[in-house]
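Data block for my_file01.cif (mmCIF, C-alpha atoms):
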data_input
loop_
_atom_site.label_atom_id
_atom_site.label_comp_id
_atom_site.auth_asym_id
_atom_site.auth_seq_id
_atom_site.Cartn_x
_atom_site.Cartn_y
_atom_site.Cartn_z
CA MET A 1 1.08 30.59 10.60
CA ALA A 2 3.05 29.28 7.59
CA LYS A 3 2.70 25.59 6.88
CA ILE A 4 5.80 23.54 7.75
CA THR A 5 6.66 20.85 5.22
CA ARG A 6 7.88 17.41 6.18
CA ARG A 7 11.28 18.21 4.63
CA GLN A 8 11.59 21.40 6.70
CA PHE A 9 10.84 19.44 9.83
CA MET A 10 13.44 16.83 8.96
CA LYS A 11 16.04 19.58 8.55
CA GLY A 12 15.32 20.74 12.08
CA VAL A 13 13.41 23.93 11.28
CA VAL A 14 10.81 23.05 13.88
CA ALA A 15 12.49 21.11 16.61
CA GLY A 16 9.85 20.51 19.22
CA GLY A 17 11.96 21.93 22.01
CA ALA A 18 10.04 19.93 24.56
CA ALA A 19 11.22 20.29 28.11
CA VAL A 20 12.70 17.03 29.33
CA ALA A 21 11.01 16.42 32.63
CA SER A 22 12.73 14.51 35.39
CA THR A 23 9.92 13.07 37.45
CA MET A 24 11.44 9.72 38.29
CA ALA A 25 13.07 8.89 41.58
CA VAL A 26 16.47 7.18 41.64
CA PRO A 27 15.71 4.02 39.62
CA GLY A 28 16.21 0.51 40.84
CA VAL A 29 14.58 -2.89 40.68
CA VAL A 30 12.47 -2.40 43.81
CA ARG A 31 12.12 0.93 45.57
CA LYS A 32 10.20 2.09 48.60
CA ALA A 33 6.52 1.51 48.00
CA PHE A 34 4.30 4.47 47.21
CA THR A 35 2.39 5.57 50.29
CA ALA A 36 -0.63 6.86 48.37
CA LYS A 37 -1.65 4.12 45.96
CA PRO A 38 -1.29 5.38 42.35
CA SER A 39 -3.20 3.80 39.50
CA LEU A 40 -1.74 2.95 36.07
CA ASN A 41 -3.10 1.41 32.90
CA ILE A 42 -0.67 -0.26 30.49
CA ALA A 43 -1.32 -1.80 27.06
CA LEU A 44 1.11 -4.57 26.10
CA TRP A 45 1.49 -6.39 22.82
CA ASN A 46 -0.26 -9.76 23.12
CA HIS A 47 2.65 -11.99 22.17
CA TRP A 48 1.83 -14.85 19.81
CA ILE A 49 4.23 -17.26 21.57
CA PRO A 50 2.00 -19.32 23.91
CA GLY A 51 2.41 -18.25 27.53
CA ALA A 52 4.62 -15.22 26.86
CA ALA A 53 1.91 -12.65 27.55
CA ASP A 54 1.15 -14.38 30.85
CA VAL A 55 4.77 -13.89 31.89
CA HIS A 56 4.66 -10.20 30.91
CA THR A 57 1.49 -9.69 32.95
CA ALA A 58 2.96 -11.47 35.96
CA ILE A 59 6.08 -9.27 35.87
CA VAL A 60 3.94 -6.11 35.89
CA ASN A 61 1.74 -7.44 38.68
CA GLU A 62 4.77 -8.39 40.74
CA TRP A 63 6.07 -4.83 40.52
CA ALA A 64 2.63 -3.44 41.34
CA VAL A 65 2.33 -5.43 44.55
CA LYS A 66 5.85 -4.58 45.74
CA ASN A 67 5.37 -0.87 45.09
CA ASN A 68 1.76 -0.44 46.22
CA VAL A 69 0.55 0.60 42.76
CA GLU A 70 -2.69 -0.49 41.14
CA VAL A 71 -1.93 -1.54 37.57
CA LYS A 72 -4.37 -2.73 34.92
CA VAL A 73 -2.77 -4.67 32.08
CA ASP A 74 -4.50 -4.85 28.70
CA LEU A 75 -3.16 -7.31 26.11
CA VAL A 76 -3.74 -6.11 22.56
CA GLY A 77 -3.00 -7.90 19.30
CA PRO A 78 -1.04 -9.81 18.18
CA GLN A 79 -1.80 -7.76 15.07
CA VAL A 80 0.26 -4.55 15.37
CA ARG A 81 -2.47 -2.52 13.69
CA ASP A 82 -4.80 -3.26 16.62
CA ILE A 83 -2.62 -1.47 19.16
CA ARG A 84 -1.88 1.31 16.64
CA THR A 85 -5.62 1.92 16.25
CA ILE A 86 -6.02 2.19 20.01
CA ALA A 87 -3.12 4.62 20.25
CA ALA A 88 -4.60 6.79 17.49
CA ALA A 89 -7.94 6.97 19.30
CA GLU A 90 -6.28 7.80 22.61
CA SER A 91 -4.15 10.53 21.04
CA ARG A 92 -7.33 12.29 19.89
CA ALA A 93 -9.25 11.75 23.11
CA ARG A 94 -6.22 12.45 25.34
CA THR A 95 -7.28 9.70 27.66
CA GLY A 96 -6.92 5.94 27.93
CA HIS A 97 -3.78 4.04 28.83
CA ASP A 98 -0.82 5.65 30.55
CA ILE A 99 1.78 3.41 28.89
CA ILE A 100 1.33 1.74 25.53
CA ALA A 101 3.60 -0.55 23.51
CA LEU A 102 3.91 0.39 19.84
CA GLY A 103 5.40 -1.14 16.71
CA PRO A 104 8.24 0.31 14.61
CA PHE A 105 7.87 3.99 13.63
CA ASP A 106 4.46 4.27 15.32
CA SER A 107 5.68 6.36 18.25
CA TRP A 108 6.68 9.07 15.74
CA ALA A 109 3.04 9.48 14.80
CA PHE A 110 2.34 10.58 18.38
CA TYR A 111 5.65 12.03 19.57
CA LYS A 112 4.17 15.49 20.30
CA GLN A 113 1.91 13.87 22.89
CA CYS A 114 4.57 11.68 24.49
CA GLU A 115 6.31 12.37 27.78
CA PRO A 116 10.11 12.51 27.30
CA LEU A 117 11.83 9.52 28.88
CA ASN A 118 15.40 10.81 29.04
CA ASP A 119 15.76 9.95 32.72
CA VAL A 120 14.72 6.35 32.09
CA ALA A 121 17.04 6.01 29.07
CA ASP A 122 19.97 7.67 30.86
CA TYR A 123 19.70 5.32 33.81
CA LEU A 124 19.49 2.19 31.64
CA GLU A 125 22.35 3.26 29.36
CA LYS A 126 24.62 4.03 32.31
CA LYS A 127 23.93 0.57 33.68
CA TYR A 128 23.88 -1.55 30.50
CA GLY A 129 25.54 0.52 27.80
CA LYS A 130 23.98 2.35 24.87
CA PHE A 131 20.82 1.15 23.18
CA ASP A 132 21.69 -0.17 19.74
CA THR A 133 21.68 2.11 16.71
CA LEU A 134 18.29 1.02 15.39
CA GLY A 135 16.54 1.22 18.75
CA THR A 136 17.89 4.74 19.19
CA TYR A 137 16.86 5.71 15.65
CA LEU A 138 13.26 4.64 16.32
CA SER A 139 12.93 6.11 19.82
CA TYR A 140 15.15 9.19 20.09
CA SER A 141 14.61 12.63 18.53
CA GLN A 142 17.91 14.17 17.43
CA GLU A 143 16.11 17.48 16.90
CA ASP A 144 14.77 17.69 20.44
CA LYS A 145 17.46 15.63 22.18
CA ALA A 146 14.62 13.66 23.71
CA TRP A 147 13.63 10.02 24.07
CA TYR A 148 9.95 10.17 23.13
CA ALA A 149 9.82 6.39 23.49
CA ILE A 150 11.96 3.74 25.14
CA PRO A 151 13.10 0.61 23.23
CA ALA A 152 11.17 -2.47 24.31
CA PRO A 153 12.20 -6.12 24.17
CA ILE A 154 8.65 -7.47 23.83
CA GLY A 155 7.97 -8.28 20.17
CA SER A 156 11.17 -6.76 18.77
CA HIS A 157 12.63 -9.05 16.12
CA SER A 158 14.99 -9.21 13.15
CA TYR A 159 15.21 -10.89 9.75
CA PRO A 160 18.25 -13.15 9.40
CA LEU A 161 18.44 -15.81 6.74
CA VAL A 162 16.68 -19.00 7.80
CA SER A 163 18.14 -21.76 5.68
CA ARG A 164 17.81 -25.50 5.21
CA THR A 165 21.31 -26.73 6.02
CA ASP A 166 20.68 -30.07 4.29
CA TYR A 167 19.62 -28.44 1.00
CA PHE A 168 22.53 -25.99 1.01
CA MET A 169 25.01 -28.79 1.62
CA LYS A 170 23.54 -31.27 -0.84
CA TYR A 171 22.71 -28.97 -3.75
CA ALA A 172 25.00 -25.93 -3.32
CA ASP A 173 27.97 -27.45 -1.45
CA VAL A 174 27.68 -24.74 1.24
CA ASP A 175 28.13 -25.73 4.88
CA LEU A 176 26.27 -22.99 6.74
CA VAL A 177 26.90 -24.51 10.17
CA ASP A 178 30.62 -24.40 9.48
CA ILE A 179 30.43 -20.73 8.42
CA PHE A 180 28.08 -19.71 11.25
CA PRO A 181 28.65 -22.14 14.13
CA ALA A 182 26.73 -22.02 17.38
CA ASP A 183 29.67 -20.33 19.11
CA VAL A 184 30.97 -17.01 17.82
CA ASN A 185 34.46 -17.94 19.02
CA ASP A 186 34.53 -20.74 16.45
CA ARG A 187 33.88 -18.44 13.50
CA GLU A 188 36.59 -18.10 10.88
CA ALA A 189 36.71 -14.54 9.55
CA SER A 190 37.66 -15.61 6.02
CA LYS A 191 34.65 -17.91 5.70
CA VAL A 192 32.25 -15.29 7.05
CA ASP A 193 33.72 -12.62 4.77
CA ALA A 194 33.25 -14.92 1.78
CA TRP A 195 29.53 -15.16 2.55
CA ASN A 196 28.57 -12.30 0.26
CA TYR A 197 25.83 -11.64 -2.27
CA ASP A 198 27.85 -13.21 -5.08
CA ALA A 199 28.16 -16.44 -3.09
CA PHE A 200 24.47 -16.29 -2.22
CA LEU A 201 23.51 -15.83 -5.89
CA LYS A 202 25.54 -18.90 -6.90
CA ALA A 203 23.86 -20.95 -4.19
CA ALA A 204 20.39 -19.63 -5.08
CA LYS A 205 20.88 -20.65 -8.70
CA LYS A 206 21.79 -24.23 -7.74
CA LEU A 207 19.00 -24.53 -5.19
CA HIS A 208 16.45 -23.26 -7.70
CA ALA A 209 17.63 -25.84 -10.22
CA ALA A 210 17.15 -28.55 -7.60
CA GLY A 211 13.59 -27.39 -6.97
CA TYR A 212 14.16 -25.69 -3.59
CA PRO A 213 14.33 -21.93 -4.23
CA PHE A 214 15.01 -19.00 -1.92
CA GLY A 215 11.66 -17.32 -1.25
CA ALA A 216 11.04 -13.71 -0.23
CA ALA A 217 8.25 -11.24 -0.88
CA ILE A 218 8.62 -8.61 -3.61
CA SER A 219 5.21 -7.11 -3.03
CA GLU A 220 3.51 -4.37 -1.07
CA THR A 221 4.01 -6.03 2.28
CA SER A 222 6.28 -5.48 5.25
CA ASP A 223 8.29 -8.67 4.67
CA ALA A 224 9.41 -7.28 1.31
CA MET A 225 10.77 -4.12 2.91
CA ASP A 226 12.45 -6.15 5.65
CA TRP A 227 14.88 -7.85 3.26
CA LEU A 228 15.02 -5.49 0.28
CA GLY A 229 15.77 -2.36 2.34
CA PRO A 230 18.87 -3.96 3.93
CA LEU A 231 19.99 -5.47 0.62
CA LEU A 232 19.83 -2.06 -1.07
CA LEU A 233 21.85 -0.52 1.75
CA SER A 234 24.49 -3.22 1.40
CA PHE A 235 25.05 -1.98 -2.16
CA GLY A 236 25.25 1.63 -1.00
CA SER A 237 21.66 2.52 -1.93
CA GLN A 238 19.56 4.61 0.44
CA PRO A 239 16.25 6.38 -0.26
CA MET A 240 16.99 9.76 1.34
CA ASP A 241 19.17 11.25 4.05
CA ARG A 242 18.07 12.48 7.46
CA ASP A 243 17.46 16.00 6.11
CA GLY A 244 15.09 14.81 3.40
CA ASN A 245 17.46 14.97 0.43
CA ILE A 246 16.50 12.30 -2.13
CA THR A 247 19.46 9.96 -2.73
CA ILE A 248 17.88 6.93 -4.41
CA GLU A 249 19.20 7.70 -7.91
CA SER A 250 22.71 6.39 -7.39
CA ASP A 251 25.26 3.90 -8.66
CA GLY A 252 24.53 1.81 -5.57
CA THR A 253 20.84 1.54 -6.41
CA MET A 254 21.66 0.63 -10.00
CA ALA A 255 24.04 -2.11 -8.85
CA ALA A 256 21.46 -3.50 -6.43
CA LEU A 257 18.70 -3.55 -9.05
CA GLU A 258 20.95 -5.28 -11.58
CA TYR A 259 21.79 -7.88 -8.92
CA LEU A 260 18.13 -8.40 -8.08
CA LYS A 261 17.24 -8.79 -11.75
CA GLU A 262 19.43 -11.90 -11.75
CA LEU A 263 18.53 -13.19 -8.28
CA THR A 264 14.79 -13.05 -8.99
CA GLN A 265 15.27 -15.44 -11.92
CA TYR A 266 15.91 -18.11 -9.28
CA MET A 267 13.00 -17.19 -7.01
CA PRO A 268 9.34 -18.28 -7.24
CA GLU A 269 7.19 -16.07 -9.47
CA GLU A 270 4.58 -16.07 -6.69
CA ASP A 271 6.88 -13.86 -4.63
CA TYR A 272 5.51 -10.84 -6.50
CA GLY A 273 2.14 -11.50 -4.88
CA SER A 274 3.31 -12.77 -1.51
CA ASP A 275 1.88 -11.84 1.84
CA ASP A 276 3.82 -11.91 5.09
CA ALA A 277 3.05 -15.58 5.67
CA SER A 278 3.97 -16.90 2.21
CA ASN A 279 7.66 -17.42 2.85
CA ASN A 280 6.89 -19.06 6.21
CA ARG A 281 4.67 -21.61 4.48
CA CYS A 282 7.36 -22.19 1.86
CA ILE A 283 10.08 -23.28 4.27
CA ILE A 284 7.78 -24.99 6.80
CA SER A 285 6.49 -27.27 4.04
CA GLY A 286 10.00 -28.17 2.93
CA LYS A 287 9.54 -26.62 -0.52
CA GLY A 288 11.92 -23.71 0.07
CA SER A 289 15.63 -23.64 0.87
CA ALA A 290 15.81 -20.25 2.59
CA ILE A 291 13.79 -17.24 3.70
CA GLN A 292 14.53 -14.09 5.71
CA ASN A 293 12.50 -14.22 8.90
CA PRO A 294 12.60 -14.22 12.68
CA PRO A 295 12.23 -17.65 14.35
CA SER A 296 8.46 -17.63 13.85
CA ALA A 297 8.50 -20.04 10.86
CA TRP A 298 10.83 -22.35 12.75
CA SER A 299 8.65 -22.16 15.87
CA VAL A 300 5.57 -23.23 13.91
CA ALA A 301 7.55 -25.96 12.15
CA LYS A 302 8.59 -27.38 15.53
CA ARG A 303 4.91 -28.11 16.19
CA THR A 304 3.73 -29.06 12.71
CA GLN A 305 6.78 -30.23 10.74
CA PRO A 306 9.44 -31.17 13.31
CA LEU A 307 11.66 -32.96 10.79
CA ASN A 308 11.84 -29.80 8.67
CA ALA A 309 12.44 -27.62 11.74
CA GLY A 310 15.44 -29.77 12.60
CA TRP A 311 17.24 -28.56 9.45
CA MET A 312 16.55 -24.83 9.84
CA TRP A 313 19.55 -22.63 10.69
CA HIS A 314 19.26 -18.90 11.45
CA HIS A 315 22.35 -17.00 10.34
CA ASP A 316 23.89 -13.79 9.03
CA CYS A 317 22.77 -12.10 5.83
CA PRO A 318 25.19 -11.89 2.90
CA LYS A 319 27.67 -9.05 2.71
CA GLY A 320 27.41 -6.43 -0.01
CA PRO A 321 29.99 -3.97 -1.38
CA GLU A 322 29.09 -1.49 1.38
CA GLY A 323 28.61 -3.84 4.31
CA ARG A 324 26.33 -6.42 5.87
CA PHE A 325 22.82 -5.31 6.86
CA ARG A 326 19.89 -7.15 8.43
CA GLY A 327 16.31 -5.97 8.64
CA ALA A 328 14.60 -5.57 12.00
CA LEU A 329 11.31 -4.35 13.45
CA PHE A 330 11.74 -2.96 16.95
CA TYR A 331 8.97 -2.13 19.38
CA ASN A 332 9.01 0.59 22.02
CA PHE A 333 7.01 1.97 24.93
CA ILE A 334 5.53 5.46 25.10
CA LEU A 335 4.19 7.34 28.10
CA TRP A 336 1.36 9.72 27.25
CA GLU A 337 1.98 13.28 28.44
CA TRP A 338 -1.41 13.41 30.18
CA CYS A 339 -0.54 10.51 32.51
CA LYS A 340 -1.32 11.64 36.07
CA GLU A 341 1.21 9.27 37.66
CA LYS A 342 4.39 9.90 35.66
CA LYS A 343 6.73 9.01 38.51
CA ALA A 344 5.15 5.58 38.98
CA ALA A 345 4.92 5.02 35.20
CA LYS A 346 8.62 5.76 34.68
CA GLU A 347 9.59 3.48 37.53
CA LEU A 348 7.52 0.68 35.99
CA LEU A 349 9.17 1.19 32.60
CA THR A 350 12.60 1.11 34.22
CA TYR A 351 11.71 -2.09 36.06
CA LEU A 352 10.51 -3.79 32.86
CA LEU A 353 13.82 -3.06 31.10
CA GLU A 354 16.10 -4.13 33.94
CA LYS A 355 18.05 -7.33 33.26
CA PRO A 356 16.14 -9.69 35.63
CA GLN A 357 12.84 -8.85 33.98
CA GLN A 358 14.23 -8.89 30.44
CA TRP A 359 15.71 -12.30 31.23
CA LYS A 360 12.25 -13.65 32.06
CA MET A 361 10.70 -12.06 28.96
CA LEU A 362 13.36 -13.46 26.63
CA THR A 363 12.91 -16.93 28.09
CA ALA A 364 9.15 -16.71 27.60
CA ALA A 365 9.56 -15.69 23.94
CA GLN A 366 11.59 -18.85 23.23
CA GLY A 367 14.21 -16.96 21.25
CA TYR A 368 11.84 -14.86 19.11
CA ASP A 369 12.30 -11.48 20.81
CA MET A 370 15.47 -9.51 20.23
CA PRO A 371 16.75 -7.19 22.99
CA GLN A 372 17.99 -3.70 22.16
CA LEU A 373 20.69 -3.66 24.85
CA THR A 374 23.60 -5.88 23.80
CA PRO A 375 24.40 -7.27 27.29
CA MET A 376 21.08 -9.12 27.01
CA TYR A 377 22.55 -11.16 24.13
CA GLU A 378 24.22 -13.22 26.84
CA HIS A 379 20.87 -14.84 27.61
CA PRO A 380 21.14 -18.63 27.18
CA VAL A 381 17.84 -19.02 25.31
CA TRP A 382 19.52 -18.82 21.89
CA VAL A 383 21.96 -21.57 22.90
CA GLN A 384 19.37 -23.81 24.50
CA GLU A 385 16.51 -23.64 22.00
CA GLY A 386 16.23 -26.32 19.33
CA PRO A 387 16.01 -28.41 17.27
CA PRO A 388 18.56 -28.32 15.80
CA PRO A 389 20.95 -27.52 18.66
CA GLY A 390 22.27 -24.00 18.01
CA GLY A 391 19.77 -23.33 15.26
CA VAL A 392 18.77 -19.94 16.67
CA TYR A 393 22.13 -19.01 18.21
CA ASN A 394 22.98 -16.58 15.39
CA TYR A 395 19.55 -14.94 15.54
CA VAL A 396 21.01 -12.20 17.71
CA ILE A 397 23.89 -10.28 16.16
CA ARG A 398 27.15 -12.19 16.55
CA GLY A 399 29.20 -10.59 13.79
CA ASP A 400 29.35 -7.44 11.67
CA GLU A 401 25.71 -7.07 10.64
CA GLN A 402 24.02 -3.71 11.19
CA LEU A 403 20.34 -3.80 12.06
CA VAL A 404 18.18 -1.47 9.96
CA VAL A 405 14.56 -0.97 8.99
CA GLY A 406 13.30 -0.34 5.47
CA GLY A 407 13.50 3.44 4.98
CA TYR A 408 16.64 3.92 7.09
CA PRO A 409 18.53 6.31 7.33
CA SER A 410 15.77 8.75 6.41
CA HIS A 411 14.26 10.80 9.21
CA PRO A 412 11.90 8.36 10.99
CA ILE A 413 8.86 10.43 10.02
CA ALA A 414 9.78 9.94 6.36
CA GLY A 415 10.94 6.39 7.06
CA GLN A 416 7.47 5.46 8.30
CA ALA A 417 5.93 6.56 5.00
CA ILE A 418 8.59 4.81 2.93
CA TYR A 419 8.10 1.61 4.90
CA SER A 420 4.31 1.58 5.09
CA GLN A 421 3.93 2.39 1.39
CA SER A 422 6.47 -0.31 0.39
CA ILE A 423 8.11 2.21 -1.94
CA LEU A 424 11.42 0.36 -2.23
CA ALA A 425 9.72 -2.98 -2.82
CA VAL A 426 7.58 -1.52 -5.62
CA MET A 427 10.69 -0.04 -7.24
CA VAL A 428 12.36 -3.45 -7.17
CA ALA A 429 9.27 -5.13 -8.62
CA LYS A 430 9.10 -2.64 -11.48
CA ALA A 431 12.80 -3.14 -12.29
CA THR A 432 12.90 -6.94 -12.01
CA THR A 433 9.68 -7.75 -13.87
CA GLY A 434 10.62 -5.60 -16.86
CA GLU A 435 7.81 -3.11 -16.28
CA MET A 436 10.53 -0.45 -16.16
CA SER A 437 14.23 -0.30 -16.75
CA PRO A 438 16.29 0.01 -13.55
CA LYS A 439 16.99 3.65 -14.44
CA ASP A 440 13.31 4.44 -14.91
CA ALA A 441 12.40 2.53 -11.74
CA MET A 442 14.84 4.73 -9.81
CA LYS A 443 13.26 7.85 -11.30
CA TRP A 444 9.80 6.60 -10.34
CA CYS A 445 11.03 5.94 -6.81
CA ALA A 446 12.60 9.41 -6.58
CA SER A 447 9.27 11.01 -7.53
CA GLU A 448 7.48 8.98 -4.84
CA LEU A 449 10.08 10.02 -2.28
CA GLU A 450 9.60 13.67 -3.21
CA MET A 451 5.95 13.33 -2.21
CA VAL A 452 7.04 11.72 1.06
CA ALA A 453 9.47 14.54 1.79
CA GLY A 454 6.78 17.16 1.07
#
Show this structure as structure tokens.
Amino acid sequence: MAKITRRQFMKGVVAGGAAVASTMAVPGVVRKAFTAKPSLNIALWNHWIPGAADVHTAIVNEWAVKNNVEVKVDLVGPQVRDIRTIAAAESRARTGHDIIALGPFDSWAFYKQCEPLNDVADYLEKKYGKFDTLGTYLSYSQEDKAWYAIPAPIGSHSYPLVSRTDYFMKYADVDLVDIFPADVNDREASKVDAWNYDAFLKAAKKLHAAGYPFGAAISETSDAMDWLGPLLLSFGSQPMDRDGNITIESDGTMAALEYLKELTQYMPEEDYGSDDASNNRCIISGKGSAIQNPPSAWSVAKRTQPLNAGWMWHHDCPKGPEGRFRGALFYNFILWEWCKEKKAAKELLTYLLEKPQQWKMLTAAQGYDMPQLTPMYEHPVWVQEGPPPGGVYNYVIRGDEQLVVGGYPSHPIAGQAIYSQSILAVMVAKATTGEMSPKDAMKWCASELEMVAG
């Protein structure tokens, strides 16, 4: 049999053509209990927010009792690689958990062994509206017209700007609370529209001069991809299209690299060697004016540096010539095809994603988790959490930002390689340190992407 390249797959030459089974009864929050007691084993991400994993376990156990199902819950992590390692071992052994929660892109590594979840997705979308664009991108196969995973609220998060409102006001004369108030109805479109990358550059220059720079990784780490990928897209730069055509050598990429050459002059030199915790430490300590991060840095600051936490404001990313993009890492659930109790497993997944259960999960995560169904944005946690009052209100999308992941809009199989290899971040580092000219850095990136496409 002829070898199929990654690019051929991305162009749809080998759509899996998996039959979309419909083994789930009419979904609902609580259905008639199973008469013969099925047994399920589910692996959940062990949330780092204290007490959150206990809530997740209690929700599963509550469903199990009501439906006469024996369920064993394993908490894995919080390191994503731990649960990925387990999934890899189970995919080879074809045994283990029935349901497993995975990080961004990971379900695509196992999609051929996943049970399609179209019936679960169809039910939820009819009830709550469509899953957002990014959740669909990471969980749905356009080639097969199949949901090989289902977007999960547990652990899903995004990367807004987290800024010190006092520093921005004092040193850059920018009132972020006025631009992004804790009520979307109070926003003024002209002020939001003026929050673009030119305005951000001017502010970054002043904040750097005052000794409080914007800090963000430009290294081979996920945090680097989480802000640089969206920034590149906002200038019209994308690595490749869905079919595997390399598109990185463009005017948009050149414009973005020229912009970053200037912005990085006002960022700490250590950013080129940062890990995923470096920017958190920078703003928690009070040494940095802004980072791009979920509310994890703020959550730690509440416990260790409460005065600094009281000045942190989560808000929209700047707008570029081609739009406003924010990075995000979304989790999802998969159901292994060898599960012997598919009907029960699908009903459990449906139950977990119903609004009452999501409400409890979002409360437990204290504003960290981001839902992938927009009606869940109505949850009061982002209004209630503080200090400061309203500081995490704009963590969920309130305006015109589009959530993306580094590597988007490439086919997710290619996107996983682009993201995990930090290809875009390395290109930016080469161009902004002077190792290569922006043009040569683009050419280097294109050659790396050719190897990804295969």
>> Please enumerate the residues selected by the PyMOL selection byres ((chain A and resi 321-325) around 8) when evaluated against the supplied file, formatted as a VMD selection string.
In response: chain A and resid 230 to 231 233 to 236 317 to 320 326 to 327 400 to 404
For A:Gln384, work out the shell of residues within 10 Å, counting all atoms listed in the file and skipping chain neighbours fewer than 5 positions away, then give it as a tab-separated table (two decimals) with C-alpha atoms, in the frame of the given file.
chain	number	residue	atom	x	y	z
A	366	GLN	CA	11.59	-18.85	23.23
A	367	GLY	CA	14.21	-16.96	21.25
A	379	HIS	CA	20.87	-14.84	27.61
A	389	PRO	CA	20.95	-27.52	18.66
A	390	GLY	CA	22.27	-24.00	18.01
A	391	GLY	CA	19.77	-23.33	15.26
A	392	VAL	CA	18.77	-19.94	16.67
A	393	TYR	CA	22.13	-19.01	18.21
>> Using only C-alpha atoms, list the residues that have an atom at most 8 Å from (28.8, -17.5, 21.3), coordinates as in the file, as a PyMOL selection string.
In response: chain A and resi 182-185+393+398
>> Env of A:Gly286: 7 Å cut, atoms = all atoms listed in the file, seq-sep filter 3 positions within chain, self excluded. Answer as a ChimeraX atom specification.
In response: /A:282-283,308
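Take the candidates A:Lys170, A:Thr57, A:Ser422, A:Gly252 and check each one against A:Trp45 using all atoms listed in the file; the shortest distance goes to A:Thr57.
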>> Take the PyMOL selection byres ((chain A and resi 363) around 12), run it mentally on this structure, and tell me the resulting residues as an MDAnalysis selection string.
In response: chainID A and resid 49:53 55:56 153:154 356:362 364:371 376:385
> For the atom pair atom CA of A:Asp193 and atom CA of A:Leu134, what is the interatomic distance in Å to one decimal place?
Replying inline: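 That distance, rounded to one decimal, is 23.2 Å.
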> atom CA of A:Lys439 to atom CA of A:Asp243: how many Å, to one decimal?
Replying inline: 24.0 Å
Exercise: residues within 6 Å of coordinate (24.1, -17.9, 8.0), counting all atoms listed in the file, as a short mmCIF file (atom, residue, chain, number, x, y, z; two decimals) with C-alpha atoms, keeping the file's coordinate frame:
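What ended up in result12.cif:
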data_model
loop_
_atom_site.label_atom_id
_atom_site.label_comp_id
_atom_site.auth_asym_id
_atom_site.auth_seq_id
_atom_site.Cartn_x
_atom_site.Cartn_y
_atom_site.Cartn_z
CA LEU A 176 26.27 -22.99 6.74
CA PHE A 180 28.08 -19.71 11.25
CA HIS A 315 22.35 -17.00 10.34
CA ASP A 316 23.89 -13.79 9.03
#
